[in-house]
file run-v8.pdb (PDB, C-alpha atoms)
ATOM      1  CA  MET A   1     -23.599  -2.899  64.362
ATOM      2  CA  ASP A   2     -22.653  -6.179  62.660
ATOM      3  CA  ASN A   3     -24.885  -8.016  60.143
ATOM      4  CA  ALA A   4     -26.137 -10.557  62.684
ATOM      5  CA  SER A   5     -27.200  -7.779  65.063
ATOM      6  CA  VAL A   6     -28.949  -5.884  62.253
ATOM      7  CA  THR A   7     -30.787  -9.040  61.212
ATOM      8  CA  GLN A   8     -31.824  -9.797  64.783
ATOM      9  CA  ARG A   9     -33.017  -6.207  65.312
ATOM     10  CA  ASN A  10     -34.941  -6.207  62.007
ATOM     11  CA  ARG A  11     -36.675  -9.498  62.813
ATOM     12  CA  ALA A  12     -37.657  -8.125  66.223
ATOM     13  CA  LEU A  13     -39.069  -5.011  64.544
ATOM     14  CA  GLN A  14     -40.978  -7.168  62.052
ATOM     15  CA  THR A  15     -42.481  -9.133  64.928
ATOM     16  CA  GLU A  16     -43.528  -5.878  66.586
ATOM     17  CA  TRP A  17     -44.959  -4.384  63.382
ATOM     18  CA  TYR A  18     -46.412  -7.450  61.649
ATOM     19  CA  GLY A  19     -46.942  -9.995  64.431
ATOM     20  CA  GLU A  20     -44.126 -12.294  63.259
ATOM     21  CA  PRO A  21     -40.916 -12.135  61.216
ATOM     22  CA  LEU A  22     -41.724 -11.677  57.532
ATOM     23  CA  GLY A  23     -39.529 -14.654  56.639
ATOM     24  CA  GLU A  24     -41.928 -16.958  58.491
ATOM     25  CA  ARG A  25     -44.980 -15.298  56.975
ATOM     26  CA  PHE A  26     -43.585 -15.353  53.438
ATOM     27  CA  ARG A  27     -42.450 -18.996  53.726
ATOM     28  CA  ARG A  28     -45.947 -19.976  54.853
ATOM     29  CA  LEU A  29     -47.425 -18.210  51.812
ATOM     30  CA  LEU A  30     -44.869 -19.799  49.476
ATOM     31  CA  GLY A  31     -45.784 -23.259  50.744
ATOM     32  CA  ARG A  32     -49.553 -22.909  50.931
ATOM     33  CA  LEU A  33     -49.936 -21.041  47.641
ATOM     34  CA  THR A  34     -47.184 -23.063  45.905
ATOM     35  CA  LEU A  35     -45.363 -19.973  44.698
ATOM     36  CA  SER A  36     -41.724 -19.279  44.054
ATOM     37  CA  GLN A  37     -40.132 -16.338  45.804
ATOM     38  CA  ALA A  38     -40.133 -14.433  42.482
ATOM     39  CA  GLN A  39     -43.857 -15.151  41.993
ATOM     40  CA  LEU A  40     -44.608 -13.942  45.518
ATOM     41  CA  ALA A  41     -42.664 -10.754  44.804
ATOM     42  CA  ASP A  42     -44.664 -10.224  41.606
ATOM     43  CA  VAL A  43     -48.027 -10.693  43.342
ATOM     44  CA  LEU A  44     -47.039  -8.389  46.203
ATOM     45  CA  GLY A  45     -45.709  -5.731  43.849
ATOM     46  CA  LEU A  46     -42.182  -5.864  45.257
ATOM     47  CA  SER A  47     -38.884  -6.712  43.630
ATOM     48  CA  ALA A  48     -37.518 -10.213  44.196
ATOM     49  CA  PRO A  49     -34.426  -8.795  45.963
ATOM     50  CA  MET A  50     -36.678  -6.800  48.317
ATOM     51  CA  VAL A  51     -38.661  -9.939  49.220
ATOM     52  CA  SER A  52     -35.392 -11.761  49.849
ATOM     53  CA  GLN A  53     -34.100  -8.930  52.059
ATOM     54  CA  LEU A  54     -37.354  -8.850  54.039
ATOM     55  CA  MET A  55     -37.272 -12.635  54.468
ATOM     56  CA  THR A  56     -33.696 -12.716  55.734
ATOM     57  CA  GLY A  57     -34.085  -9.675  57.964
ATOM     58  CA  ALA A  58     -31.652  -7.561  55.945
ATOM     59  CA  ARG A  59     -34.545  -5.081  55.705
ATOM     60  CA  ALA A  60     -37.233  -4.581  58.315
ATOM     61  CA  LYS A  61     -40.147  -2.673  56.828
ATOM     62  CA  ILE A  62     -42.623  -2.775  53.977
ATOM     63  CA  SER A  63     -43.099   0.919  53.302
ATOM     64  CA  ASN A  64     -46.080   0.834  50.933
ATOM     65  CA  PRO A  65     -49.416   0.291  52.737
ATOM     66  CA  ALA A  66     -50.910  -1.022  49.488
ATOM     67  CA  VAL A  67     -48.360  -3.871  49.602
ATOM     68  CA  LEU A  68     -49.388  -4.577  53.206
ATOM     69  CA  ALA A  69     -53.018  -4.753  52.132
ATOM     70  CA  ARG A  70     -52.106  -7.144  49.325
ATOM     71  CA  LEU A  71     -50.129  -9.255  51.800
ATOM     72  CA  ALA A  72     -53.255  -9.489  53.977
ATOM     73  CA  VAL A  73     -55.235 -10.646  50.927
ATOM     74  CA  LEU A  74     -52.649 -13.360  50.277
ATOM     75  CA  ASP A  75     -52.858 -14.424  53.929
ATOM     76  CA  GLU A  76     -56.607 -14.787  53.533
ATOM     77  CA  LEU A  77     -56.294 -16.784  50.316
ATOM     78  CA  ALA A  78     -53.685 -19.065  51.902
ATOM     79  CA  ALA A  79     -56.081 -19.747  54.795
ATOM     80  CA  ASP A  80     -59.109 -20.358  52.532
ATOM     81  CA  PRO A  81     -59.665 -24.114  51.991
ATOM     82  CA  GLY A  82     -61.964 -23.330  49.050
ATOM     83  CA  PHE A  83     -59.235 -21.400  47.273
ATOM     84  CA  LEU A  84     -56.607 -24.040  48.016
ATOM     85  CA  ALA A  85     -58.882 -26.808  46.707
ATOM     86  CA  ARG A  86     -59.174 -25.187  43.272
ATOM     87  CA  PRO A  87     -57.141 -26.571  40.380
ATOM     88  CA  PRO A  88     -53.636 -25.088  40.192
ATOM     89  CA  GLN A  89     -54.435 -23.249  36.938
ATOM     90  CA  GLU A  90     -57.387 -21.440  38.550
ATOM     91  CA  ARG A  91     -55.333 -20.451  41.599
ATOM     92  CA  ALA A  92     -52.527 -19.204  39.346
ATOM     93  CA  ALA A  93     -54.975 -17.193  37.223
ATOM     94  CA  GLU A  94     -56.498 -15.556  40.292
ATOM     95  CA  LEU A  95     -53.071 -14.689  41.703
ATOM     96  CA  ALA A  96     -52.105 -13.272  38.292
ATOM     97  CA  ARG A  97     -55.217 -11.070  38.357
ATOM     98  CA  LEU A  98     -54.250  -9.843  41.817
ATOM     99  CA  ALA A  99     -50.704  -9.130  40.625
ATOM    100  CA  ALA A 100     -52.082  -7.191  37.644
ATOM    101  CA  GLU A 101     -54.009  -4.779  39.895
ATOM    102  CA  PRO A 102     -52.046  -1.534  40.021
ATOM    103  CA  LEU A 103     -50.333  -0.612  43.258
ATOM    104  CA  SER A 104     -50.606   3.127  43.753
ATOM    105  CA  ALA A 105     -47.442   4.752  44.900
ATOM    106  CA  THR A 106     -47.772   6.384  48.273
ATOM    107  CA  GLY A 107     -46.354   9.779  48.938
ATOM    108  CA  SER A 108     -43.367   9.552  51.232
ATOM    109  CA  GLY A 109     -44.674   9.678  54.743
ATOM    110  CA  SER A 110     -48.233  10.230  53.532
ATOM    111  CA  GLY A 111     -49.612   7.696  55.985
ATOM    112  CA  THR A 112     -52.657   6.932  53.863
ATOM    113  CA  LEU A 113     -53.901   3.755  52.312
ATOM    114  CA  ALA A 114     -53.111   4.593  48.738
ATOM    115  CA  ASN A 115     -55.071   1.936  46.933
ATOM    116  CA  THR A 116     -58.043   0.424  48.702
ATOM    117  CA  THR A 117     -58.638  -1.915  45.761
ATOM    118  CA  THR A 118     -55.678  -3.923  47.007
ATOM    119  CA  ALA A 119     -57.762  -4.705  50.081
ATOM    120  CA  THR A 120     -60.113  -6.714  47.875
ATOM    121  CA  HIS A 121     -59.767 -10.126  46.385
ATOM    122  CA  ALA A 122     -61.631 -12.251  43.933
ATOM    123  CA  ILE A 123     -64.154 -14.843  45.080
ATOM    124  CA  ARG A 124     -66.002 -17.350  42.984
ATOM    125  CA  SER A 125     -69.785 -17.236  43.001
ATOM    126  CA  ASP A 126     -72.013 -20.281  42.596
ATOM    127  CA  GLN A 127     -72.178 -19.543  38.855
ATOM    128  CA  GLY A 128     -68.389 -19.586  38.574
ATOM    129  CA  ALA A 129     -68.001 -15.845  37.961
ATOM    130  CA  VAL A 130     -65.171 -14.091  39.744
ATOM    131  CA  THR A 131     -66.229 -10.955  41.583
ATOM    132  CA  PRO A 132     -64.336  -8.665  43.953
ATOM    133  CA  ARG A 133     -65.146  -8.666  47.647
ATOM    134  CA  ALA A 134     -63.951  -5.972  49.976
ATOM    135  CA  ASP A 135     -61.807  -7.189  52.849
ATOM    136  CA  PRO A 136     -62.444  -4.774  55.716
ATOM    137  CA  VAL A 137     -59.976  -6.523  58.012
ATOM    138  CA  ALA A 138     -57.113  -6.094  55.531
ATOM    139  CA  ALA A 139     -58.080  -2.498  54.854
ATOM    140  CA  VAL A 140     -58.208  -1.545  58.550
ATOM    141  CA  GLN A 141     -54.951  -3.349  59.311
ATOM    142  CA  ALA A 142     -53.177  -1.702  56.394
ATOM    143  CA  LEU A 143     -54.440   1.735  57.342
ATOM    144  CA  LEU A 144     -53.482   1.457  61.024
ATOM    145  CA  ARG A 145     -50.076   0.008  60.202
ATOM    146  CA  ALA A 146     -49.457   2.731  57.635
ATOM    147  CA  VAL A 147     -49.994   5.572  60.088
ATOM    148  CA  ALA A 148     -48.322   4.181  63.212
ATOM    149  CA  THR A 149     -45.974   1.495  64.484
ATOM    150  CA  ALA A 150     -47.218  -1.307  66.707
ATOM    151  CA  GLY A 151     -45.620   0.435  69.687
ATOM    152  CA  GLU A 152     -47.433   3.688  68.931
ATOM    153  CA  LEU A 153     -50.740   1.858  68.544
ATOM    154  CA  GLU A 154     -50.178   0.069  71.844
ATOM    155  CA  ASP A 155     -49.428   3.420  73.537
ATOM    156  CA  ALA A 156     -52.644   4.879  72.100
ATOM    157  CA  ALA A 157     -54.588   1.814  73.258
ATOM    158  CA  ARG A 158     -53.225   2.229  76.799
ATOM    159  CA  LEU A 159     -54.421   5.847  76.810
ATOM    160  CA  LEU A 160     -57.903   4.703  75.740
ATOM    161  CA  ASP A 161     -58.178   1.661  78.049
ATOM    162  CA  ALA A 162     -60.035   3.295  80.940
ATOM    163  CA  ALA A 163     -62.485   5.516  79.060
ATOM    164  CA  HIS A 164     -62.898   3.620  75.780
ATOM    165  CA  PRO A 165     -61.889  -0.040  76.179
ATOM    166  CA  GLY A 166     -63.590  -1.108  72.947
ATOM    167  CA  LEU A 167     -61.545   1.335  70.890
ATOM    168  CA  ALA A 168     -58.385   0.284  72.719
ATOM    169  CA  GLU A 169     -59.115  -3.329  71.793
ATOM    170  CA  VAL A 170     -59.621  -2.411  68.114
ATOM    171  CA  LEU A 171     -56.274  -0.610  68.024
ATOM    172  CA  ARG A 172     -54.524  -3.590  69.587
ATOM    173  CA  VAL A 173     -56.216  -6.330  67.583
ATOM    174  CA  TYR A 174     -56.074  -4.705  64.149
ATOM    175  CA  GLY A 175     -52.893  -2.720  64.652
ATOM    176  CA  THR A 176     -50.574  -5.087  66.486
ATOM    177  CA  MET A 177     -51.905  -8.635  66.245
ATOM    178  CA  ARG A 178     -51.979 -11.237  63.482
ATOM    179  CA  THR A 179     -54.479 -11.101  60.673
ATOM    180  CA  SER A 180     -56.117 -14.303  61.937
ATOM    181  CA  ASP A 181     -56.743 -12.632  65.327
ATOM    182  CA  ALA A 182     -58.190  -9.544  63.633
ATOM    183  CA  ARG A 183     -60.401 -11.714  61.433
ATOM    184  CA  ALA A 184     -61.681 -13.624  64.484
ATOM    185  CA  HIS A 185     -62.425 -10.306  66.241
ATOM    186  CA  TYR A 186     -64.279  -9.069  63.170
ATOM    187  CA  GLU A 187     -66.358 -12.271  62.985
ATOM    188  CA  ARG A 188     -67.302 -12.002  66.671
ATOM    189  CA  ASN A 189     -68.249  -8.333  66.494
ATOM    190  CA  VAL A 190     -69.541  -7.736  62.987
ATOM    191  CA  GLY A 191     -70.129 -11.137  61.416
ATOM    192  CA  GLN A 192     -70.166 -11.947  57.730
TER     193      GLN A 192
END
call {"tool": "encode", "arguments": {"input": "run-v8.pdb", "output": "structure tokens"}}
result
Amino acid sequence: MDNASVTQRNRALQTEWYGEPLGERFRRLLGRLTLSQAQLADVLGLSAPMVSQLMTGARAKISNPAVLARLAVLDELAADPGFLARPPQERAAELARLAAEPLSATGSGSGTLANTTTATHAIRSDQGAVTPRADPVAAVQALLRAVATAGELEDAARLLDAAHPGLAEVLRVYGTMRTSDARAHYERNVGQ
């Protein structure tokens, strides 16, 4: 298989697994959070070459579910007008705190969310203190995507459709769709 075919296949896999090619997702984060590619790599807990390979489609998969959870946190921050309105120094400090959180190594093929603290992010209270807030959407997405591919989750959802349509919907929304879709589902069903 030539390089162009590998890249095309990897981007298709990324779309299946993550809802879109990682290059598009990473570029959106770079622009909205005003980060360099090296800074994004640092916050995610990946090497800069790995981020580059994921962006170009030279590699398809993020293997560490803790990195996926951290990516979901960055997606949330990039979509938060309150975070984006903060002075650049405050945003940089918060991203540095996120980058400083340890990423636990996952056992090969363990299929578990190794570090649930990466599914949290800092929010500013009315008094200005920064406190962690759990992000259940990111945690559920990371867990589902760590144990199965989007195709496997879709197959499981099809098996559940007739008897348990609500569970089938959860598998589809949190396992195969974009974070914004999962967040909207969560808001409709659970609320803040």
call {"tool": "residues_around", "arguments": {"input": "run-v8.pdb", "residues": "segment 166-168 of chain A", "least_positions_apart": "2", "cutoff": "12 Å", "atoms": "all atoms listed in the file", "output": "ChimeraX atom specification"}}
result
/A:153-164,170-176,185,189
call {"tool": "residues_around", "arguments": {"input": "run-v8.pdb", "residues": "Val6 of chain A", "least_positions_apart": "6", "cutoff": "9 Å", "atoms": "all atoms listed in the file", "output": "list in words"}}
result
Gly57, Ala58 and Arg59 of chain A
call {"tool": "closest_residue", "arguments": {"input": "run-v8.pdb", "among": "A:Gly19, A:Pro81, A:Gly45, A:Pro65", "to": "Arg32 of chain A", "atoms": "only C-alpha atoms"}}
result
A:Pro81
call {"tool": "atom_distance", "arguments": {"input": "run-v8.pdb", "atom1": "atom CA of Leu54 of chain A", "atom2": "atom CA of Leu22 of chain A"}}
result
6.3 Å
call {"tool": "closest_residue", "arguments": {"input": "run-v8.pdb", "among": "A:Val73, A:Gly23, A:Ala93, A:Ala4", "to": "Gln53 of chain A", "atoms": "all atoms listed in the file"}}
result
A:Gly23
call {"tool": "resolve_selection", "arguments": {"input": "run-v8.pdb", "expression": "the PyMOL selection byres ((chain A and resi 26) around 10)", "output": "ChimeraX atom specification"}}
result
/A:21-25,27-32,37,40-41,51-52,54-55,71,74-75
call {"tool": "closest_residue", "arguments": {"input": "run-v8.pdb", "among": "A:Ser180, A:Ser5, A:Asn64, A:Gly151", "to": "Ala79 of chain A", "atoms": "only C-alpha atoms"}}
result
A:Ser180
call {"tool": "axis_aligned_box", "arguments": {"input": "run-v8.pdb", "around": "segment 160-171 of chain A", "padding_each_side": "3 Å", "output": "AutoDock Vina command-line options"}}
result
--center_x -59.9 --center_y 1.1 --center_z 74.5 --size_x 13.3 --size_y 14.8 --size_z 18.9
call {"tool": "build_atoms", "arguments": {"input": "run-v8.pdb", "residues": "segment 158-169 of chain A", "atoms": "N, CA and C atoms", "output": "PDB file, keeping the file's coordinate frame"}}
result
ATOM      1  N   ARG A 158     -53.342   2.053  75.353  1.00  0.00           N
ATOM      2  CA  ARG A 158     -53.225   2.229  76.799  1.00  0.00           C
ATOM      3  C   ARG A 158     -53.911   3.515  77.255  1.00  0.00           C
ATOM      4  N   LEU A 159     -53.768   4.582  76.471  1.00  0.00           N
ATOM      5  CA  LEU A 159     -54.421   5.847  76.810  1.00  0.00           C
ATOM      6  C   LEU A 159     -55.942   5.726  76.770  1.00  0.00           C
ATOM      7  N   LEU A 160     -56.460   4.862  75.894  1.00  0.00           N
ATOM      8  CA  LEU A 160     -57.903   4.703  75.740  1.00  0.00           C
ATOM      9  C   LEU A 160     -58.504   3.645  76.663  1.00  0.00           C
ATOM     10  N   ASP A 161     -57.685   2.803  77.270  1.00  0.00           N
ATOM     11  CA  ASP A 161     -58.178   1.661  78.049  1.00  0.00           C
ATOM     12  C   ASP A 161     -59.283   2.006  79.044  1.00  0.00           C
ATOM     13  N   ALA A 162     -59.074   2.997  79.868  1.00  0.00           N
ATOM     14  CA  ALA A 162     -60.035   3.295  80.940  1.00  0.00           C
ATOM     15  C   ALA A 162     -61.349   3.862  80.407  1.00  0.00           C
ATOM     16  N   ALA A 163     -61.270   4.831  79.526  1.00  0.00           N
ATOM     17  CA  ALA A 163     -62.485   5.516  79.060  1.00  0.00           C
ATOM     18  C   ALA A 163     -63.148   4.829  77.872  1.00  0.00           C
ATOM     19  N   HIS A 164     -62.355   4.205  77.015  1.00  0.00           N
ATOM     20  CA  HIS A 164     -62.898   3.620  75.780  1.00  0.00           C
ATOM     21  C   HIS A 164     -62.246   2.251  75.508  1.00  0.00           C
ATOM     22  N   PRO A 165     -62.561   1.253  76.320  1.00  0.00           N
ATOM     23  CA  PRO A 165     -61.889  -0.040  76.179  1.00  0.00           C
ATOM     24  C   PRO A 165     -62.141  -0.716  74.835  1.00  0.00           C
ATOM     25  N   GLY A 166     -63.301  -0.502  74.251  1.00  0.00           N
ATOM     26  CA  GLY A 166     -63.590  -1.108  72.947  1.00  0.00           C
ATOM     27  C   GLY A 166     -62.678  -0.567  71.859  1.00  0.00           C
ATOM     28  N   LEU A 167     -62.454   0.734  71.868  1.00  0.00           N
ATOM     29  CA  LEU A 167     -61.545   1.335  70.890  1.00  0.00           C
ATOM     30  C   LEU A 167     -60.110   0.887  71.131  1.00  0.00           C
ATOM     31  N   ALA A 168     -59.731   0.765  72.390  1.00  0.00           N
ATOM     32  CA  ALA A 168     -58.385   0.284  72.719  1.00  0.00           C
ATOM     33  C   ALA A 168     -58.187  -1.119  72.161  1.00  0.00           C
ATOM     34  N   GLU A 169     -59.206  -1.966  72.313  1.00  0.00           N
ATOM     35  CA  GLU A 169     -59.115  -3.329  71.793  1.00  0.00           C
ATOM     36  C   GLU A 169     -58.973  -3.339  70.273  1.00  0.00           C
TER      37      GLU A 169
END
